[in-house]
Amino acid sequence: MTASMTAGLTFSQCAPEELPADVRELLYEVLYRDYGVTRDQEWLNAADGGHFFVARDGGGQLCGAGRLMPLAEATRARGPQVRQIATAPDARGRGVGMAVMEAIETAAVTQGATRLWLKARQQAWGFYVKRGYLFEGPEFTAGECLAEDGIFVSKLTGIPHKIMAKQL
């Protein structure tokens with residue numbers, strides 16, 4: 001684990017298998033519960049690698065997290081993928097999500113990336129547009145994203161998503 005400070009938040013970086021229990025719970029509650037995934041299912045996909053960026057406030061309270069994936073051969077032209085961005089409910093509206101994305105984008109540039117992409121839920125589209133991400137391709141539902149990268153969901157939810165990308 002490594003740590004740094006941004007916008008009053010302390011960021012630590014960790015591999016999926018090192019993810020603290022409170023971060024795992026936040027990700028589950030914010031991102032997977034609504035898909036009908038149960039806590040005992042493999043929703044983290046730790047074998048996919050990447051690093052989580054975990055944001056905590058000055059008191060050590062978890063504020064948010066996000067994951068930068070390694071460059072995948074199948075999506076090399078798109079660049080590395082950003083996944084699992086989540087802000088704790090009591091930290092929303094304080095710029096935590098923006099700080100998490102800034103930490104991920106900075107790390108990606110340091111690693112030589114010139115572009116990032118992600119699959120955004122409809123309710124997050126405006127957030128990513130503010131970060132400079134642009135829409136690519138048609139809208140799809142959560143169940144349709146299974147074929148591309150193996151993200152496991154136990155049922156189709158119909159939550160609209162779009163692929164978005166940003167030049168760094």
# chains A, B, ... in the order shown; residues from 1 in each chain; ligands from 1

$ select_by_dssp --residues "chain A" --states "alpha helix (DSSP H)" --output "number ranges by chain"
A: 21-27, 96-110, 125-130, 146-149

$ select_by_dssp --residues "range 26-144 of chain A" --states "strand (DSSP E)" --output "PyMOL selection string"
chain A and resi 51-56+62-68+81-87+115-121+134-141

$ write_last_selection --atoms "C-alpha atoms" --output "tab-separated table (two decimals), in the first residue's frame"
chain	number	residue	atom	x	y	z
A	51	HIS	CA	-5.02	-0.87	-8.16
A	52	PHE	CA	-7.61	0.74	-5.95
A	53	PHE	CA	-7.22	4.34	-4.87
A	54	VAL	CA	-8.80	4.73	-1.43
A	55	ALA	CA	-9.64	8.22	-0.12
A	56	ARG	CA	-9.90	8.95	3.61
A	62	LEU	CA	-13.46	6.31	4.36
A	63	CYS	CA	-14.71	8.82	1.77
A	64	GLY	CA	-14.40	7.05	-1.56
A	65	ALA	CA	-12.51	4.68	-3.81
A	66	GLY	CA	-11.87	3.84	-7.44
A	67	ARG	CA	-9.88	1.34	-9.48
A	68	LEU	CA	-7.43	1.78	-12.33
A	81	GLN	CA	-10.06	1.25	-17.90
A	82	VAL	CA	-11.37	3.01	-14.80
A	83	ARG	CA	-13.73	0.87	-12.71
A	84	GLN	CA	-15.61	0.86	-9.44
A	85	ILE	CA	-15.74	4.56	-8.56
A	86	ALA	CA	-17.72	4.97	-5.35
A	87	THR	CA	-18.22	7.83	-2.89
A	115	ARG	CA	-6.36	7.98	-22.67
A	116	LEU	CA	-8.76	6.39	-20.16
A	117	TRP	CA	-12.17	4.84	-20.61
A	118	LEU	CA	-14.99	3.56	-18.39
A	119	LYS	CA	-18.52	2.22	-18.38
A	120	ALA	CA	-20.70	4.83	-16.71
A	121	ARG	CA	-24.13	4.34	-15.21
A	134	LEU	CA	-16.97	12.04	-23.80
A	135	PHE	CA	-19.55	9.45	-24.83
A	136	GLU	CA	-18.50	6.66	-27.19
A	137	GLY	CA	-20.97	4.27	-28.70
A	138	PRO	CA	-24.58	3.50	-27.94
A	139	GLU	CA	-26.33	3.08	-24.63
A	140	PHE	CA	-26.44	-0.45	-23.21
A	141	THR	CA	-27.79	-2.09	-20.08

$ closest_residue --among "A:Ala21, A:Met164, A:Leu44, A:Leu31" --to "Lys130 in chain A" --atoms "only C-alpha atoms"
A:Met164

$ closest_residue --among "A:Asp22, A:Asp57, A:Glu29, A:Asp34" --to "Arg94 in chain A" --atoms "only C-alpha atoms"
A:Asp57

$ atom_distance --atom1 "CA of Glu73 in chain A" --atom2 "CA of Val30 in chain A"
28.8 Å

$ closest_residue --among "A:Gly79, A:Ala165, A:Asn45, A:Arg33" --to "Thr114 in chain A" --atoms "only C-alpha atoms"
A:Gly79

$ closest_residue --among "A:Pro70, A:Glu25, A:Ala108, A:Thr10" --to "Thr38 in chain A" --atoms "only C-alpha atoms"
A:Glu25

$ closest_residue --among "A:Gln13, A:Gln167, A:Gln111, A:Thr106" --to "Ala77 in chain A" --atoms "only C-alpha atoms"
A:Gln167

$ atom_distance --atom1 "CA of Arg39 in chain A" --atom2 "CA of Ala103 in chain A"
27.7 Å

$ atom_distance --atom1 "CA of Lys162 in chain A" --atom2 "CA of Ala124 in chain A"
10.0 Å

$ closest_residue --among "A:Gly126, A:Pro80, A:Gly8, A:Pro16" --to "Gly112 in chain A" --atoms "only C-alpha atoms"
A:Pro80
